[in-house]
Amino acid sequence: MKFLNSERDFIAAKSVVDKKHLCVVAKNKQSGVIVGTADLEPNSSGKNIVLNVYVRPDQRGNGIGRTLMMEGIEQILIPQLTIDNLDNDNNVGDDDDSGAAVLSLDVYTQNKPALALYLKIGYEPSSPVHAGTLALANTFNANLMVSLSKRILVV
């Protein structure tokens with residue numbers, strides 16, 4: 001499989017190099033082949049955007065997407081965020097550096113495997129409007145984009 005074969009992929013890769021995004025890569029331990037990637041765009045508003053979650057088609061259904069999201073983004077990339085990237089409005093700890101990282105992503109409702117994964121690992125519609133959009137899409141089997149988000153405590 002070729003990587004960086006489209007303008008979108010090149011822009012995403014360049015953004016990683018320019019330190020605008022953090023990237024995690026899943027690699028098959030036996031073959032050394034890259035089987036998935038995910039990007040995180042830190043944002044000073046405290047709302048960090050999950051982008052470009054991708055698993056090779058021949059590797060889907062093997063838990064790679066879940067691993068990228070839970071281990072890659074939440075356990076590896078989130079700790080690399082600075083205090084500027086956290087939402088400290090609902091400070092939980094006694095330490096001034098504690099807060100929550102808000103992760104946000106957009107997904108089309110017809111992308112059923114991705115949507116099911118995100119909901120299963122704790123993402124919820126980002127607002128009542130997005131909850132309504134999701135319900136509407138499910139009722140009419142429509143392909144609409146919804147925004148989901150999740151808060152992760154960072155200490």
# chains A, B, ... in the order shown; residues from 1 in each chain; ligands from 1
>>> residues_around(residues="Thr37 of chain A", least_positions_apart="2", cutoff="7 Å", atoms="only C-alpha atoms", output="ChimeraX atom specification")
/A:24-26,39,53-55
>>> write_last_selection(atoms="C-alpha atoms", output="mmCIF file, in the first residue's frame")
data_model
loop_
_atom_site.group_PDB
_atom_site.id
_atom_site.type_symbol
_atom_site.label_atom_id
_atom_site.label_comp_id
_atom_site.auth_asym_id
_atom_site.auth_seq_id
_atom_site.Cartn_x
_atom_site.Cartn_y
_atom_site.Cartn_z
ATOM 1 C CA VAL A 24 0.308 7.699 16.394
ATOM 2 C CA VAL A 25 1.016 4.752 14.072
ATOM 3 C CA ALA A 26 0.009 1.095 14.489
ATOM 4 C CA ASP A 39 -3.753 12.242 14.355
ATOM 5 C CA VAL A 53 -8.195 7.754 12.011
ATOM 6 C CA TYR A 54 -7.367 5.109 9.428
ATOM 7 C CA VAL A 55 -7.025 1.330 9.488
#
>>> residues_around(residues="Leu148 of chain A", least_positions_apart="4", cutoff="7 Å", atoms="only C-alpha atoms", output="count of residues only")
7
>>> select_by_dssp(residues="chain A", states="helix (DSSP H, G or I)", output="ChimeraX atom specification")
/A:7-17,57-59,64-80,83-85,112-120,128-140
>>> closest_residue(among="A:Leu40, A:Leu153, A:Gln110, A:Ile64", to="Phe140 of chain A", atoms="only C-alpha atoms")
A:Gln110
>>> select_by_dssp(residues="segment 17-149 of chain A", states="strand (DSSP E)", output="JSON, numbers by chain")
{"A": [22, 23, 24, 25, 26, 27, 34, 35, 36, 37, 38, 39, 40, 41, 47, 48, 49, 50, 51, 52, 53, 54, 55, 99, 100, 101, 102, 103, 104, 105, 106, 107, 108, 124, 125, 145, 146, 147, 148, 149]}
>>> residues_around(residues="Ser127 of chain A", least_positions_apart="5", cutoff="12 Å", atoms="only C-alpha atoms", output="PyMOL selection string")
chain A and resi 104+132-134+146-150
>>> write_last_selection(atoms="N, CA and C atoms", output="compact mmCIF listing (two decimals), in the first residue's frame")
# COMPACT_ATOMS: atom_id res chain seq x y z
N SER A 104 -12.47 15.73 20.40
CA SER A 104 -13.63 15.91 19.54
C SER A 104 -13.33 15.31 18.17
N GLY A 132 -29.51 15.13 18.23
CA GLY A 132 -30.68 15.11 17.36
C GLY A 132 -30.33 14.68 15.95
N THR A 133 -29.19 15.13 15.46
CA THR A 133 -28.74 14.73 14.12
C THR A 133 -28.51 13.23 14.06
N LEU A 134 -27.90 12.68 15.10
CA LEU A 134 -27.65 11.24 15.16
C LEU A 134 -28.96 10.47 15.19
N VAL A 146 -21.91 13.91 12.29
CA VAL A 146 -22.12 14.31 13.68
C VAL A 146 -20.78 14.54 14.35
N SER A 147 -20.79 15.41 15.32
CA SER A 147 -19.61 15.69 16.11
C SER A 147 -19.77 14.97 17.45
N LEU A 148 -18.74 14.22 17.82
CA LEU A 148 -18.73 13.50 19.09
C LEU A 148 -17.58 14.02 19.93
N SER A 149 -17.71 13.93 21.23
CA SER A 149 -16.61 14.37 22.09
C SER A 149 -16.52 13.51 23.33
N LYS A 150 -15.37 13.61 23.99
CA LYS A 150 -15.08 12.83 25.20
C LYS A 150 -14.11 13.64 26.06
>>> residues_around(residues="Ala135 of chain A", least_positions_apart="4", cutoff="12 Å", atoms="only C-alpha atoms", output="list in words")
Thr109, Pro125, Pro128, Val129, His130, Ala131, Thr139, Phe140, Asn141, Ala142, Asn143, Leu144, Met145 and Val146 of chain A
>>> atom_distance(atom1="atom CA of Asn85 of chain A", atom2="atom CA of Ser44 of chain A")
4.7 Å
>>> atom_distance(atom1="atom CA of Leu81 of chain A", atom2="atom CA of Leu119 of chain A")
23.5 Å
